[in-house]
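Have a look at data_20.txt below; it lists compact mmCIF, C-alpha atoms.
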# COMPACT_ATOMS: atom_id res chain seq x y z
CA MET A 1 33.99 24.74 0.05
CA SER A 2 31.38 24.63 -2.77
CA SER A 3 30.38 21.29 -4.26
CA ASP A 4 32.42 22.03 -7.41
CA GLU A 5 35.49 22.96 -5.35
CA SER A 6 35.00 19.80 -3.36
CA SER A 7 34.87 17.71 -6.56
CA ALA A 8 37.98 19.43 -7.89
CA GLN A 9 39.77 18.69 -4.62
CA TRP A 10 38.83 15.02 -4.85
CA LEU A 11 40.21 14.88 -8.41
CA ARG A 12 43.46 16.62 -7.42
CA ASP A 13 44.01 14.32 -4.46
CA LEU A 14 43.18 11.13 -6.37
CA ALA A 15 45.24 12.09 -9.41
CA GLY A 16 48.39 12.83 -7.43
CA GLY A 17 50.55 10.61 -5.31
CA GLY A 18 51.82 10.79 -1.79
CA PRO A 19 49.93 11.33 1.44
CA GLU A 20 47.07 13.29 -0.21
CA TYR A 21 46.30 10.32 -2.46
CA ALA A 22 46.40 7.81 0.39
CA ALA A 23 44.18 9.99 2.57
CA ALA A 24 41.69 10.58 -0.25
CA VAL A 25 41.48 6.85 -1.00
CA ARG A 26 40.84 6.18 2.69
CA ARG A 27 38.16 8.88 2.89
CA LEU A 28 36.47 7.74 -0.29
CA HIS A 29 36.47 4.12 0.80
CA GLU A 30 34.75 5.14 4.04
CA LEU A 31 32.04 6.94 2.06
CA LEU A 32 31.59 4.00 -0.32
CA LEU A 33 31.37 1.55 2.55
CA ARG A 34 28.79 3.71 4.33
CA THR A 35 26.76 3.81 1.09
CA ALA A 36 27.06 0.07 0.51
CA LEU A 37 26.15 -0.82 4.12
CA TYR A 38 23.07 1.39 3.97
CA GLU A 39 22.14 -0.05 0.59
CA VAL A 40 22.38 -3.75 1.49
CA ARG A 41 20.14 -3.07 4.51
CA ARG A 42 17.66 -0.98 2.52
CA ARG A 43 17.04 -3.63 -0.14
CA PRO A 44 14.78 -6.65 0.23
CA THR A 45 17.06 -9.71 0.34
CA THR A 46 17.23 -13.11 1.98
CA VAL A 47 20.87 -12.48 2.94
CA SER A 48 21.42 -11.21 6.48
CA GLY A 49 23.92 -10.81 9.31
CA PRO A 50 27.68 -10.90 8.74
CA GLU A 51 27.21 -12.11 5.18
CA LEU A 52 25.33 -8.93 4.32
CA THR A 53 28.09 -6.84 5.89
CA ASP A 54 30.64 -8.82 3.88
CA ILE A 55 28.73 -8.07 0.66
CA ALA A 56 28.84 -4.36 1.51
CA HIS A 57 32.61 -4.51 2.10
CA GLN A 58 33.15 -6.32 -1.22
CA ALA A 59 30.91 -3.82 -3.02
CA ALA A 60 32.80 -0.85 -1.54
CA SER A 61 36.19 -2.33 -2.48
CA ASP A 62 35.13 -3.18 -6.03
CA ALA A 63 33.54 0.26 -6.42
CA MET A 64 36.80 1.86 -5.26
CA LEU A 65 38.80 -0.04 -7.90
CA ALA A 66 36.30 0.90 -10.62
CA ILE A 67 36.38 4.56 -9.62
CA ILE A 68 40.19 4.75 -9.72
CA ARG A 69 40.17 3.01 -13.11
CA LYS A 70 37.46 5.28 -14.54
CA LEU A 71 38.58 8.53 -12.95
CA PRO A 72 39.55 10.05 -16.35
CA GLU A 73 35.92 9.52 -17.48
CA PHE A 74 34.50 11.80 -14.76
CA ARG A 75 33.33 14.91 -16.59
CA GLY A 76 32.09 17.02 -13.70
CA GLU A 77 28.42 16.75 -14.68
CA SER A 78 27.55 15.93 -11.08
CA ARG A 79 29.31 16.15 -7.75
CA PHE A 80 32.23 13.75 -7.64
CA THR A 81 30.77 11.91 -4.65
CA THR A 82 27.43 11.38 -6.45
CA TRP A 83 29.30 9.83 -9.38
CA ALA A 84 31.29 7.69 -6.94
CA TYR A 85 28.25 6.54 -4.93
CA LYS A 86 26.73 5.23 -8.15
CA PHE A 87 29.51 2.65 -8.38
CA ALA A 88 28.80 1.44 -4.84
CA VAL A 89 25.06 1.17 -5.49
CA LEU A 90 25.58 -0.76 -8.74
CA GLU A 91 28.07 -3.09 -7.07
CA VAL A 92 25.52 -3.88 -4.37
CA SER A 93 22.93 -4.75 -7.07
CA ASN A 94 25.44 -6.97 -8.80
CA LYS A 95 26.49 -8.82 -5.65
CA LEU A 96 22.98 -9.35 -4.29
CA GLY A 97 21.97 -10.71 -7.72
CA ARG A 98 24.66 -13.37 -7.46
CA HIS A 99 23.41 -14.46 -4.05
CA TYR A 100 19.88 -15.16 -5.36
CA TRP A 101 20.97 -18.51 -6.80
CA ARG A 102 22.11 -19.89 -3.47
CA ASN A 103 18.50 -20.56 -2.53
CA PRO A 104 16.26 -19.81 -5.52
CA PRO A 105 12.48 -20.28 -5.08
CA VAL A 106 12.21 -21.62 -8.66
CA ARG A 107 14.78 -23.13 -10.99
CA LEU A 108 15.68 -21.42 -14.23
CA GLY A 109 13.68 -23.09 -17.01
CA ASP A 110 10.64 -24.01 -14.89
CA ALA A 111 7.49 -21.97 -15.42
CA ASP A 112 5.42 -21.04 -12.40
CA TRP A 113 2.27 -20.20 -14.37
CA ASP A 114 0.13 -20.30 -11.22
CA SER A 115 1.90 -17.12 -10.12
CA LEU A 116 1.02 -15.21 -13.29
CA PRO A 117 -2.30 -13.73 -12.07
CA ASP A 118 -0.51 -12.44 -8.99
CA ARG A 119 2.30 -10.96 -11.11
CA ILE A 120 -0.26 -9.21 -13.29
CA GLY A 121 -2.02 -7.86 -10.23
CA ILE A 122 -5.25 -9.86 -10.48
CA GLU A 123 -6.99 -10.51 -7.16
CA PRO A 124 -7.56 -14.25 -6.38
CA ASP A 125 -11.35 -13.90 -6.42
CA ALA A 126 -11.26 -12.36 -9.91
CA GLN A 127 -9.06 -14.97 -11.57
CA ALA A 128 -11.93 -16.96 -13.14
CA GLU A 129 -12.99 -13.78 -14.89
CA TYR A 130 -9.51 -13.53 -16.43
CA ALA A 131 -9.14 -17.20 -17.39
CA GLU A 132 -9.54 -16.59 -21.12
CA LEU A 133 -7.04 -13.70 -21.17
CA LEU A 134 -4.53 -15.66 -19.11
CA ASP A 135 -4.82 -18.62 -21.50
CA ALA A 136 -4.28 -16.24 -24.41
CA ILE A 137 -1.12 -14.90 -22.78
CA ARG A 138 0.21 -18.43 -22.16
CA GLN A 139 -0.59 -19.33 -25.79
CA ALA A 140 1.20 -16.22 -27.09
CA VAL A 141 4.25 -17.03 -24.94
CA ARG A 142 4.32 -20.51 -26.52
CA THR A 143 3.72 -19.48 -30.13
CA GLU A 144 4.93 -15.90 -30.62
CA LEU A 145 8.24 -15.78 -28.77
CA THR A 146 11.60 -17.16 -29.76
CA ASP A 147 13.09 -19.75 -27.37
CA HIS A 148 15.40 -17.06 -25.98
CA GLN A 149 12.57 -14.57 -25.47
CA ARG A 150 10.34 -17.26 -23.90
CA ARG A 151 13.06 -18.35 -21.48
CA LEU A 152 13.75 -14.82 -20.27
CA PHE A 153 10.09 -13.70 -20.22
CA VAL A 154 9.12 -16.74 -18.15
CA ALA A 155 12.06 -16.24 -15.78
CA VAL A 156 11.56 -12.51 -15.22
CA VAL A 157 7.84 -11.94 -15.66
CA VAL A 158 6.20 -15.28 -14.81
CA ASN A 159 8.62 -16.55 -12.16
CA GLY A 160 9.71 -13.17 -10.83
CA VAL A 161 13.46 -13.90 -10.95
CA PRO A 162 15.30 -10.61 -10.30
CA LEU A 163 16.99 -9.20 -13.40
CA ASP A 164 20.33 -8.96 -11.60
CA ALA A 165 20.14 -12.63 -10.64
CA LEU A 166 19.77 -13.49 -14.34
CA VAL A 167 22.64 -11.15 -15.16
CA ALA A 168 24.84 -13.16 -12.78
CA GLU A 169 23.57 -16.53 -14.00
CA LEU A 170 23.68 -15.89 -17.76
CA GLY A 171 26.66 -13.54 -17.91
CA VAL A 172 24.84 -10.90 -19.96
CA SER A 173 24.05 -7.29 -19.16
CA ARG A 174 20.92 -6.08 -17.40
CA ASN A 175 20.15 -4.05 -20.51
CA THR A 176 20.28 -7.13 -22.74
CA ILE A 177 17.75 -9.00 -20.58
CA TYR A 178 15.53 -5.92 -20.23
CA LYS A 179 15.40 -5.43 -24.01
CA VAL A 180 14.54 -9.10 -24.65
CA VAL A 181 11.68 -8.96 -22.13
CA PHE A 182 10.60 -5.58 -23.53
CA ASP A 183 10.31 -7.07 -27.02
CA ALA A 184 8.54 -10.15 -25.66
CA ARG A 185 5.89 -8.01 -23.95
CA ARG A 186 5.36 -6.11 -27.21
CA LYS A 187 4.94 -9.32 -29.22
CA ILE A 188 2.52 -10.87 -26.71
CA ARG A 189 0.47 -7.70 -26.65
CA ALA A 190 0.36 -7.56 -30.47
CA ALA A 191 -0.81 -11.20 -30.55
CA LEU A 192 -3.58 -10.50 -28.04
CA VAL A 193 -4.73 -7.53 -30.11
CA ALA A 194 -4.56 -9.52 -33.37
CA ASN A 195 -6.63 -12.33 -31.84
CA GLY A 196 -9.26 -10.00 -30.39
CA TYR A 197 -8.40 -10.37 -26.71
CA LEU A 198 -7.25 -6.77 -26.31
CA ASP A 199 -8.41 -3.54 -27.97
CA ASP A 200 -5.66 -1.74 -29.81
CA ILE A 201 -5.76 1.40 -27.70
CA ALA A 202 -2.68 3.45 -26.99
CA VAL A 203 -2.61 4.35 -23.30
CA GLY A 204 0.50 6.51 -23.12
CA ARG A 205 2.67 3.57 -23.96
CA SER A 206 2.85 1.53 -27.16
CA MET B 207 -9.78 -0.77 -13.89
CA SER B 208 -11.12 -3.27 -16.48
CA ASN B 209 -9.60 -6.68 -17.27
CA GLN B 210 -8.22 -5.23 -20.47
CA ASP B 211 -6.64 -2.27 -18.71
CA ILE B 212 -4.87 -4.51 -16.19
CA VAL B 213 -3.46 -6.80 -18.90
CA ARG B 214 -2.57 -3.84 -21.12
CA GLN B 215 -0.66 -2.25 -18.28
CA PHE B 216 1.09 -5.56 -17.58
CA LEU B 217 2.22 -5.82 -21.22
CA ALA B 218 2.95 -2.11 -21.69
CA THR B 219 6.15 -0.99 -23.36
CA ASP B 220 7.06 2.61 -24.09
CA PRO B 221 9.14 3.44 -27.17
CA ARG B 222 10.69 6.38 -25.29
CA ASP B 223 12.25 3.93 -22.81
CA VAL B 224 16.05 4.30 -23.16
CA GLY B 225 16.89 0.97 -21.49
CA CYS B 226 19.15 0.15 -18.57
CA ASP B 227 22.55 1.08 -20.02
CA GLU B 228 21.64 4.63 -21.01
CA ALA B 229 19.74 5.22 -17.77
CA MET B 230 22.63 4.03 -15.61
CA GLU B 231 25.10 6.07 -17.65
CA VAL B 232 23.45 9.33 -16.58
CA LEU B 233 21.96 8.29 -13.23
CA HIS B 234 24.39 10.49 -11.23
CA ILE B 235 23.36 13.51 -13.31
CA TYR B 236 19.67 12.60 -13.23
CA VAL B 237 19.59 12.27 -9.44
CA GLU B 238 20.95 15.81 -8.95
CA ALA B 239 18.98 17.57 -11.69
CA ALA B 240 16.02 19.67 -10.57
CA ASP B 241 14.45 19.21 -14.01
CA ALA B 242 15.49 15.56 -14.44
CA GLU B 243 12.23 14.34 -15.99
CA LEU B 244 12.24 17.15 -18.55
CA ARG B 245 15.92 16.84 -19.35
CA PHE B 246 15.92 13.05 -19.51
CA PRO B 247 12.36 11.95 -20.41
CA GLY B 248 13.49 8.54 -21.69
CA VAL B 249 15.31 7.88 -18.43
CA ALA B 250 12.21 8.86 -16.43
CA VAL B 251 10.16 6.40 -18.51
CA HIS B 252 12.75 3.70 -17.96
CA LEU B 253 12.95 4.20 -14.19
CA ALA B 254 9.16 3.92 -13.99
CA ALA B 255 9.24 0.60 -15.88
CA CYS B 256 12.43 -1.13 -14.69
CA GLY B 257 12.39 -2.33 -11.09
CA PRO B 258 16.17 -2.90 -10.69
CA CYS B 259 17.13 0.47 -12.19
CA SER B 260 14.49 2.19 -10.07
CA GLU B 261 16.01 0.46 -7.02
CA ASP B 262 19.44 1.80 -7.99
CA PHE B 263 18.01 5.28 -8.45
CA HIS B 264 16.45 5.23 -4.97
CA GLY B 265 19.69 3.92 -3.51
CA LEU B 266 21.67 6.74 -5.08
CA LEU B 267 19.06 9.29 -4.07
CA ALA B 268 19.29 8.08 -0.48
CA ALA B 269 23.09 8.37 -0.58
CA VAL B 270 23.13 11.95 -1.88
CA THR B 271 20.31 12.95 0.46
CA ARG B 272 22.37 11.76 3.44
CA ASP B 273 25.19 14.04 2.22
CA ALA B 274 22.98 17.11 1.86
The structure given in the file should be rewritten as structure tokens.
Amino acid sequence: MSSDESSAQWLRDLAGGGPEYAAAVRRLHELLLRTALYEVRRRPTTVSGPELTDIAHQAASDAMLAIIRKLPEFRGESRFTTWAYKFAVLEVSNKLGRHYWRNPPVRLGDADWDSLPDRIGIEPDAQAEYAELLDAIRQAVRTELTDHQRRLFVAVVVNGVPLDALVAELGVSRNTIYKVVFDARRKIRAALVANGYLDDIAVGRS
Amino acid sequence: MSNQDIVRQFLATDPRDVGCDEAMEVLHIYVEAADAELRFPGVAVHLAACGPCSEDFHGLLAAVTRDA
């Protein structure tokens, strides 16, 4: 059976009723669970043991519900199973993000500025050399960003809080947080250029 | 790499970056496409810049690779 025939078969079985539907749901759930189990073990996380297995089971079940609900949106632009696996992968991200707050290394709102050189990728023995630039970044964070931008920039970039953990904590989308941090980076960079700390050179990105 | 280059890279943003929503919307197509970076350049830029979306991409890639 070609991949397209296989996708069409999945759609037929899941759209109908009766034993074909029940068997397809069972088969698909097995595939989603296999994907979720692999995924929770592949990702770096502090969760382990039965709890990790439980997260995978929850992710597979929630992915299954989402797939059935969104089945009419599948347009055949990929194999059906690829489209379906995406739901399992995204559910794992979502659920692991929620677990971050059970034992967070820093609280939301605190700023771990001592970690900034490490986040930027500056070696410990070179940090004195960067002191002026680091101060300029801290100053730009204080003066150039809105409260909202500052809060999210500090959380994501300075403190290293995972985006999906913030999604769970703040109840906003990953895209919303990403865009806020994106704009914050742009504003800080513009301030550093305006104040002579950085040359205004395009390096593939702007 | 100079001090300036390291900080510039740290603060880099690319206007072609489509963001998380658009990248996730087409991730299942992107992961199967032989010419994904040409067909979806803004998604390629995003996946290079966004850690969580890149993680999702690699998770999906691993899943479809196991099926192959």
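For Phe216 (chain B), the set of protein, DNA and RNA residues having any atom at most 10 Å away, when counting all atoms listed in the file and skipping those fewer than 4 positions along the same chain, is Arg119, Ile120, Gly121, Val157, Arg185 and Arg189 of chain A; Gln210, Asp211 and Ile212 of chain B.
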Subject >> Residue neighbourhood region 242-248 of chain B, 7 Å, only C-alpha atoms, exclusion window fewer than 5 positions, as a ChimeraX atom specification >> reply: /B:222-224,236
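With only C-alpha atoms as the atoms that count, the minimum distance from chain B to the choices A:Glu30, A:Glu5, A:Glu77, A:Glu132 is reached by A:Glu77.
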**OP:** Within 7 Å of chain A, which residues of chain B are there when counting all atoms listed in the file? Please give them as a VMD selection string.
**Re:** chain B and resid 209 to 210 213 216 to 221 225 to 227 234 to 235 238 258 262 265 to 266 269 to 270
Original post:
Using all atoms listed in the file, what residues lie at most 6 Å away from (17.9, 3.3, -13.0) (file coordinates), given as a list in words?
Top reply: Ala229, Met230, Leu253, Cys259, Ser260, Asp262 and Phe263 of chain B
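Among the candidates A:Ser6, A:Arg75, A:Asn159, A:Ala56, the residue lying nearest to Val232 (chain B) is A:Arg75 (atoms considered: only C-alpha atoms).
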Original post:
If you measure from CA of Arg41 (chain A) to CA of Ala60 (chain A), what distance in Å do you get, rounded to one decimal?
Top reply: 14.2 Å
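Taking all atoms listed in the file into account, Gln58 (chain A) lies nearest to A:Asn94 out of the set A:Asn94, A:Asn195, A:Gln149, A:Thr45.
For the pair CA of Ala239 (chain B) and CA of Pro72 (chain A), the separation is 22.4 Å.
Closest approach to Val158 (chain A) from the set A:Glu20, A:Asp13, A:Asp110, A:Glu73 is made by A:Asp110, with distances taken over all atoms listed in the file.
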**OP:** Report the distance between CA of Ala59 (chain A) and CA of Lys95 (chain A) in Å, rounded to one decimal place.
**Re:** 7.2 Å
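Every protein, DNA or RNA residue with an atom at most 9 Å from Leu14 (chain A), where only C-alpha atoms count and chain neighbours fewer than 5 positions away do not, is listed here: Gln9, Glu20, Tyr21, Ala22, Ala24, Val25, Ile68 and Leu71 of chain A.
The nearest approach to Ser61 (chain A) among the residues A:Arg102, A:Arg26, A:Arg138, A:Arg150, with all atoms listed in the file taken into account, belongs to A:Arg26.
With distances restricted to all atoms listed in the file, B:Glu228 is the closest residue to Val251 (chain B) from B:Glu228, B:Ser208, B:Arg214, B:Leu267.
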